[in-house]
Each structure stands twice: as C-alpha cells, then as structure tokens.
file model_34.json (JSON, C-alpha atoms)
[["chain", "number", "residue", "atom", "x", "y", "z"],
["A", 27, "MET", "CA", 7.81, -36.31, 25.57],
["A", 28, "ALA", "CA", 4.85, -34.27, 24.36],
["A", 29, "HIS", "CA", 5.64, -31.33, 22.11],
["A", 30, "LYS", "CA", 4.02, -28.11, 23.30],
["A", 31, "LYS", "CA", 2.02, -26.23, 20.71],
["A", 32, "SER", "CA", 2.96, -22.57, 20.62],
["A", 33, "PRO", "CA", 0.09, -20.18, 21.25],
["A", 34, "ASP", "CA", -1.34, -18.35, 18.26],
["A", 35, "ASN", "CA", -0.28, -14.76, 18.85],
["A", 36, "ARG", "CA", -1.73, -13.44, 15.59],
["A", 37, "VAL", "CA", -3.98, -10.47, 16.11],
["A", 38, "CYS", "CA", -5.21, -9.89, 12.57],
["A", 39, "THR", "CA", -4.29, -11.03, 9.08],
["A", 40, "ASN", "CA", -4.82, -9.65, 5.61],
["A", 41, "ARG", "CA", -6.33, -12.73, 3.99],
["A", 42, "ARG", "CA", -6.97, -11.14, 0.60],
["A", 43, "ALA", "CA", -3.34, -10.06, 0.19],
["A", 44, "SER", "CA", -2.18, -13.23, -1.55],
["A", 45, "TYR", "CA", -5.24, -13.14, -3.82],
["A", 46, "ASN", "CA", -4.90, -9.50, -4.89],
["A", 47, "TYR", "CA", -1.12, -9.18, -4.84],
["A", 48, "GLU", "CA", 2.02, -11.04, -5.83],
["A", 49, "ILE", "CA", 4.16, -11.12, -2.68],
["A", 50, "LEU", "CA", 7.81, -10.45, -3.55],
["A", 51, "ASP", "CA", 9.48, -9.86, -0.18],
["A", 52, "THR", "CA", 8.53, -9.68, 3.51],
["A", 53, "LEU", "CA", 9.80, -7.61, 6.41],
["A", 54, "GLU", "CA", 8.96, -7.80, 10.11],
["A", 55, "CYS", "CA", 8.96, -4.53, 12.00],
["A", 56, "GLY", "CA", 7.82, -3.07, 15.29],
["A", 57, "ILE", "CA", 4.94, -0.65, 15.67],
["A", 58, "VAL", "CA", 4.54, 2.37, 17.94],
["A", 59, "LEU", "CA", 1.31, 2.03, 19.94],
["A", 60, "VAL", "CA", -0.32, 3.71, 22.91],
["A", 61, "GLY", "CA", -1.43, 1.62, 25.91],
["A", 62, "SER", "CA", -5.09, 1.31, 24.99],
["A", 63, "GLU", "CA", -4.14, 0.15, 21.46],
["A", 64, "VAL", "CA", -2.05, -2.67, 22.91],
["A", 65, "LYS", "CA", -4.95, -3.77, 25.10],
["A", 66, "SER", "CA", -7.33, -3.68, 22.13],
["A", 67, "LEU", "CA", -4.91, -5.73, 20.03],
["A", 68, "ARG", "CA", -4.65, -8.33, 22.78],
["A", 69, "GLU", "CA", -8.44, -8.69, 22.44],
["A", 70, "LYS", "CA", -7.92, -9.12, 18.66],
["A", 71, "ALA", "CA", -9.82, -5.91, 17.90],
["A", 72, "GLY", "CA", -7.84, -4.78, 14.86],
["A", 73, "SER", "CA", -8.13, -4.81, 11.09],
["A", 74, "ILE", "CA", -5.52, -4.32, 8.34],
["A", 75, "GLU", "CA", -7.62, -5.20, 5.29],
["A", 76, "GLU", "CA", -7.36, -1.70, 3.77],
["A", 77, "ALA", "CA", -4.01, -0.72, 5.29],
["A", 78, "TYR", "CA", -0.76, 0.06, 3.50],
["A", 79, "ALA", "CA", 2.67, 1.40, 4.44],
["A", 80, "ARG", "CA", 4.47, 4.43, 3.08],
["A", 81, "ILE", "CA", 7.95, 5.94, 3.47],
["A", 82, "GLU", "CA", 7.82, 9.62, 4.42],
["A", 83, "ARG", "CA", 10.96, 11.59, 5.38],
["A", 84, "ASP", "CA", 12.97, 8.37, 5.86],
["A", 85, "GLU", "CA", 10.37, 6.95, 8.27],
["A", 86, "LEU", "CA", 7.95, 4.11, 7.64],
["A", 87, "TRP", "CA", 4.26, 4.71, 8.46],
["A", 88, "LEU", "CA", 1.28, 2.34, 8.60],
["A", 89, "ILE", "CA", -1.78, 4.07, 7.18],
["A", 90, "ASP", "CA", -5.49, 3.13, 7.35],
["A", 91, "SER", "CA", -5.11, 0.33, 9.89],
["A", 92, "HIS", "CA", -8.05, 0.15, 12.28],
["A", 93, "ILE", "CA", -7.65, -0.63, 15.99],
["A", 94, "SER", "CA", -10.93, -0.39, 17.88],
["A", 95, "PRO", "CA", -10.98, 1.70, 21.06],
["A", 96, "TYR", "CA", -10.47, -0.30, 24.25],
["A", 97, "LYS", "CA", -13.88, -0.88, 25.81],
["A", 98, "PHE", "CA", -12.64, -0.44, 29.40],
["A", 99, "GLY", "CA", -10.50, 2.57, 28.50],
["A", 100, "LEU", "CA", -10.60, 6.01, 30.01],
["A", 101, "VAL", "CA", -12.25, 9.07, 28.54],
["A", 102, "THR", "CA", -9.13, 9.82, 26.44],
["A", 103, "GLU", "CA", -9.27, 6.96, 23.97],
["A", 104, "HIS", "CA", -7.03, 6.56, 20.95],
["A", 105, "GLU", "CA", -8.16, 7.41, 17.45],
["A", 106, "ALA", "CA", -9.13, 4.18, 15.65],
["A", 107, "LYS", "CA", -7.65, 4.95, 12.20],
["A", 108, "ARG", "CA", -4.62, 7.05, 13.05],
["A", 109, "ARG", "CA", -1.26, 6.77, 11.29],
["A", 110, "ARG", "CA", 1.16, 4.56, 13.22],
["A", 111, "LYS", "CA", 4.94, 4.71, 12.96],
["A", 112, "LEU", "CA", 6.73, 1.46, 12.12],
["A", 113, "LEU", "CA", 10.12, 0.72, 13.65],
["A", 114, "VAL", "CA", 12.62, -0.36, 11.01],
["A", 115, "HIS", "CA", 16.37, 0.11, 10.64],
["A", 116, "THR", "CA", 17.37, 2.95, 8.33],
["A", 117, "ARG", "CA", 19.34, 0.59, 6.09],
["A", 118, "GLU", "CA", 16.17, -1.46, 5.48],
["A", 119, "ILE", "CA", 14.27, 1.69, 4.54],
["A", 120, "ARG", "CA", 17.07, 2.66, 2.14],
["A", 121, "LYS", "CA", 16.85, -0.81, 0.60],
["A", 122, "LEU", "CA", 13.05, -0.56, 0.18],
["A", 123, "LYS", "CA", 12.89, 2.98, -1.18],
["A", 124, "PRO", "CA", 14.13, 2.30, -4.76],
["A", 125, "LYS", "CA", 11.83, -0.72, -5.03],
["A", 126, "LEU", "CA", 8.80, 1.33, -3.97],
["A", 127, "GLU", "CA", 9.61, 4.07, -6.49],
["A", 128, "GLN", "CA", 9.10, 1.59, -9.33],
["A", 129, "LYS", "CA", 5.63, 1.61, -10.83],
["A", 130, "GLY", "CA", 3.20, -0.95, -9.43],
["A", 131, "PHE", "CA", 5.01, -1.79, -6.17],
["A", 132, "THR", "CA", 3.62, -1.09, -2.70],
["A", 133, "LEU", "CA", 3.98, -2.17, 0.93],
["A", 134, "ILE", "CA", 1.02, -3.82, 2.63],
["A", 135, "PRO", "CA", 0.75, -5.46, 6.06],
["A", 136, "LEU", "CA", 0.13, -9.21, 6.02],
["A", 137, "GLN", "CA", -0.43, -9.63, 9.74],
["A", 138, "ILE", "CA", -0.06, -8.08, 13.18],
["A", 139, "HIS", "CA", 1.14, -10.41, 15.91],
["A", 140, "PHE", "CA", 2.80, -10.47, 19.31],
["A", 141, "ASN", "CA", 6.25, -12.06, 19.49],
["A", 142, "THR", "CA", 7.37, -14.35, 22.33],
["A", 143, "ARG", "CA", 8.38, -11.35, 24.47],
["A", 144, "GLY", "CA", 4.91, -9.78, 24.07],
["A", 145, "VAL", "CA", 5.93, -7.03, 21.66],
["A", 146, "ALA", "CA", 3.55, -6.13, 18.83],
["A", 147, "LYS", "CA", 5.04, -6.71, 15.38],
["A", 148, "VAL", "CA", 3.79, -6.09, 11.85],
["A", 149, "LEU", "CA", 4.69, -8.37, 8.95],
["A", 150, "LEU", "CA", 4.95, -6.15, 5.86],
["A", 151, "ALA", "CA", 5.15, -7.39, 2.29],
["A", 152, "LEU", "CA", 6.53, -5.74, -0.81],
["A", 153, "VAL", "CA", 3.88, -6.55, -3.40],
["A", 154, "ARG", "CA", 2.85, -5.99, -7.00],
["A", 155, "GLY", "CA", -0.82, -6.05, -7.95],
["A", 156, "LYS", "CA", -2.07, -9.11, -9.78],
["A", 157, "ARG", "CA", -4.01, -8.84, -12.99],
["A", 158, "MET", "CA", -6.96, -11.06, -13.81],
["A", 159, "TRP", "CA", -4.73, -13.30, -15.92],
["A", 160, "ASP", "CA", -2.39, -13.89, -12.96],
["A", 161, "ARG", "CA", -5.33, -14.83, -10.74],
["A", 162, "ARG", "CA", -6.59, -17.32, -13.33],
["A", 163, "GLN", "CA", -3.13, -18.86, -13.56],
["A", 164, "ASP", "CA", -3.00, -19.23, -9.76],
["A", 165, "GLN", "CA", -6.45, -20.82, -9.71],
["A", 166, "LYS", "CA", -5.46, -23.31, -12.45],
["A", 167, "ALA", "CA", -2.29, -24.24, -10.56],
["A", 168, "ARG", "CA", -4.29, -24.73, -7.33],
["A", 169, "GLU", "CA", -6.83, -26.95, -9.11],
["A", 170, "HIS", "CA", -4.01, -28.94, -10.72],
["A", 171, "ARG", "CA", -2.34, -29.56, -7.33],
["A", 172, "ARG", "CA", -5.69, -30.59, -5.84],
["A", 173, "GLU", "CA", -6.32, -33.06, -8.68],
["A", 174, "MET", "CA", -2.80, -34.50, -8.33],
["A", 175, "ALA", "CA", -3.27, -35.00, -4.59],
["A", 176, "ALA", "CA", -6.63, -36.71, -5.17],
["A", 177, "ALA", "CA", -5.08, -39.00, -7.79],
["A", 178, "MET", "CA", -2.27, -39.91, -5.38],
["A", 179, "ARG", "CA", -4.79, -40.76, -2.66],
["A", 180, "ARG", "CA", -6.80, -42.94, -5.08],
["A", 181, "ARG", "CA", -3.62, -44.71, -6.19],
["A", 182, "ARG", "CA", -2.75, -45.70, -2.61]]
call {"tool": "encode", "arguments": {"input": "model_34.json", "output": "structure tokens"}}
result
Amino acid sequence: MAHKKSPDNRVCTNRRASYNYEILDTLECGIVLVGSEVKSLREKAGSIEEAYARIERDELWLIDSHISPYKFGLVTEHEAKRRRKLLVHTREIRKLKPKLEQKGFTLIPLQIHFNTRGVAKVLLALVRGKRMWDRRQDQKAREHRREMAAAMRRRR
C-alpha cells in the first residue's frame, strides 16, 4: 500500500528566524483575512520576513506582514501591509503576556499555512535575539554534526 504524501500547504516561511533568534516556544493561531487576501495567499503571494506580533488590549495582532493584492481582484483591493488580528484563546494571551514583558523577548511568525480544512493559520514563536557568540556556537555545532556524519559514512 503506497503512502500518500500530504500536500505542502505552506504559504510563506520566515527562514532567517532560526538564524537571528533563539526559538523558545511556538503557538499556532488563526488569522482574520478578507477574501482577496485568502486568494493571494493561495497563490503564495505573502511575506513575513519583517513581521512580528504584539498584544494590544488583550488581543494579538500581526504587524508588518505583506500580502500582495490579488491580481484578479476588484477595484477595492486590500491594503498589502495592514495589521491583521490573530485568533488566540484569552488564556494563551494571558500566558504569553508576562513572558513578552521581559526584556529581549518578542513574538515573530515562523510560517503561514493552510490546515487540512483550508483555514489559514500562523505559526508564532516566542523568541529571544541571538548575539554573535550564540550564532558562532550554532555554526560550530552544525559543523561538528556534519563532520561526525561524514566520519560515520566513511566508516561504513
């Protein structure tokens, strides 16, 4: 019996997040979109490289995410860089709030994807910025793992 490969429903990813930040915790949440934004995301016309999330008045907002206007849209298109509300339970916001008030912590989106029911979701991460020393340590560990794997292949 052949195993079906699930379709890749990722719209956009923040590839530099793991390089620039130390990821401490992740949270998946919904996003409030208008119709033309959904159609644009289905065409993978979005970017979250510079985006971040913020708690304002006990609501979570995605700021600076870019969703290109839908090319077959009507005259009333959506604004590309508007603030978008994220759908999260209040208890999760209460849990995040004290962590975000600490110095150096922030929320950034790692990816936007569509779940199996076709609903747009955002994967947020609670992160702390890496310093140059941390990046060097990560690079050394990566090189060490690569050398170990090469040695294991030579040994076989």
call {"tool": "closest_atom_pairs", "arguments": {"input": "model_34.json", "of": "range 29-123 of chain A", "to": "range 163-172 of chain A", "cutoff": "12 Å", "atoms": "all atoms listed in the file", "output": "CSV"}}
result
residue,atom,partner,partner_atom,distance
A:Ser44,CA,A:Asp164,CA,10.2
A:Tyr45,CA,A:Asp164,CA,8.8
A:Asn46,CA,A:Asp164,CA,11.0
A:Tyr47,CA,A:Asp164,CA,11.3
A:Glu48,CA,A:Asp164,CA,10.4
call {"tool": "closest_residue", "arguments": {"input": "model_34.json", "among": "A:Arg42, A:Lys125, A:Arg120, A:Arg182", "to": "Arg83 in chain A", "atoms": "all atoms listed in the file"}}
result
A:Arg120
call {"tool": "closest_residue", "arguments": {"input": "model_34.json", "among": "A:Ile57, A:Val37, A:Arg162, A:Gly155", "to": "Ile74 in chain A", "atoms": "all atoms listed in the file"}}
result
A:Val37
call {"tool": "residues_around", "arguments": {"input": "model_34.json", "residues": "Ala146 in chain A", "least_positions_apart": "4", "cutoff": "8 Å", "atoms": "only C-alpha atoms", "output": "ChimeraX atom specification"}}
result
/A:56-57,64,138-141
call {"tool": "closest_residue", "arguments": {"input": "model_34.json", "among": "A:Val60, A:Val153, A:Ile81, A:Cys55", "to": "Glu105 in chain A", "atoms": "only C-alpha atoms"}}
result
A:Val60
call {"tool": "atom_distance", "arguments": {"input": "model_34.json", "atom1": "CA of Arg161 in chain A", "atom2": "CA of Lys123 in chain A"}}
result
27.2 Å
call {"tool": "atom_distance", "arguments": {"input": "model_34.json", "atom1": "CA of Gly72 in chain A", "atom2": "CA of Arg143 in chain A"}}
result
20.0 Å
call {"tool": "residues_around", "arguments": {"input": "model_34.json", "residues": "range 110-118 of chain A", "least_positions_apart": "3", "cutoff": "8 Å", "atoms": "all atoms listed in the file", "output": "list of chain:residue names"}}
result
A:Cys55, A:Gly56, A:Ile57, A:Val58, A:Leu59, A:Asp84, A:Glu85, A:Leu86, A:Trp87, A:Leu88, A:Ile89, A:Lys121, A:Leu122
call {"tool": "atom_distance", "arguments": {"input": "model_34.json", "atom1": "CA of Pro95 in chain A", "atom2": "CA of Arg109 in chain A"}}
result
14.7 Å
call {"tool": "closest_residue", "arguments": {"input": "model_34.json", "among": "A:Ala106, A:Leu67, A:Ile49, A:Ala77", "to": "Lys147 in chain A", "atoms": "only C-alpha atoms"}}
result
A:Leu67
call {"tool": "closest_residue", "arguments": {"input": "model_34.json", "among": "A:Arg180, A:Arg41, A:Arg108, A:Lys129", "to": "His92 in chain A", "atoms": "all atoms listed in the file"}}
result
A:Arg108
call {"tool": "closest_residue", "arguments": {"input": "model_34.json", "among": "A:Leu152, A:Ile119, A:Met178, A:Met158", "to": "Pro135 in chain A", "atoms": "all atoms listed in the file"}}
result
A:Leu152
call {"tool": "residues_around", "arguments": {"input": "model_34.json", "residues": "Phe98 in chain A", "least_positions_apart": "5", "cutoff": "10 Å", "atoms": "only C-alpha atoms", "output": "ChimeraX atom specification"}}
result
/A:62,65-66,103
call {"tool": "residues_around", "arguments": {"input": "model_34.json", "residues": "Glu54 in chain A", "least_positions_apart": "3", "cutoff": "7 Å", "atoms": "all atoms listed in the file", "output": "list in words"}}
result
Lys147, Val148, Leu149 and Leu150 of chain A
call {"tool": "residues_around", "arguments": {"input": "model_34.json", "residues": "Ala151 in chain A", "least_positions_apart": "4", "cutoff": "6 Å", "atoms": "all atoms listed in the file", "output": "list in words"}}
result
Asp51, Thr52, Leu133 and Ile134 of chain A
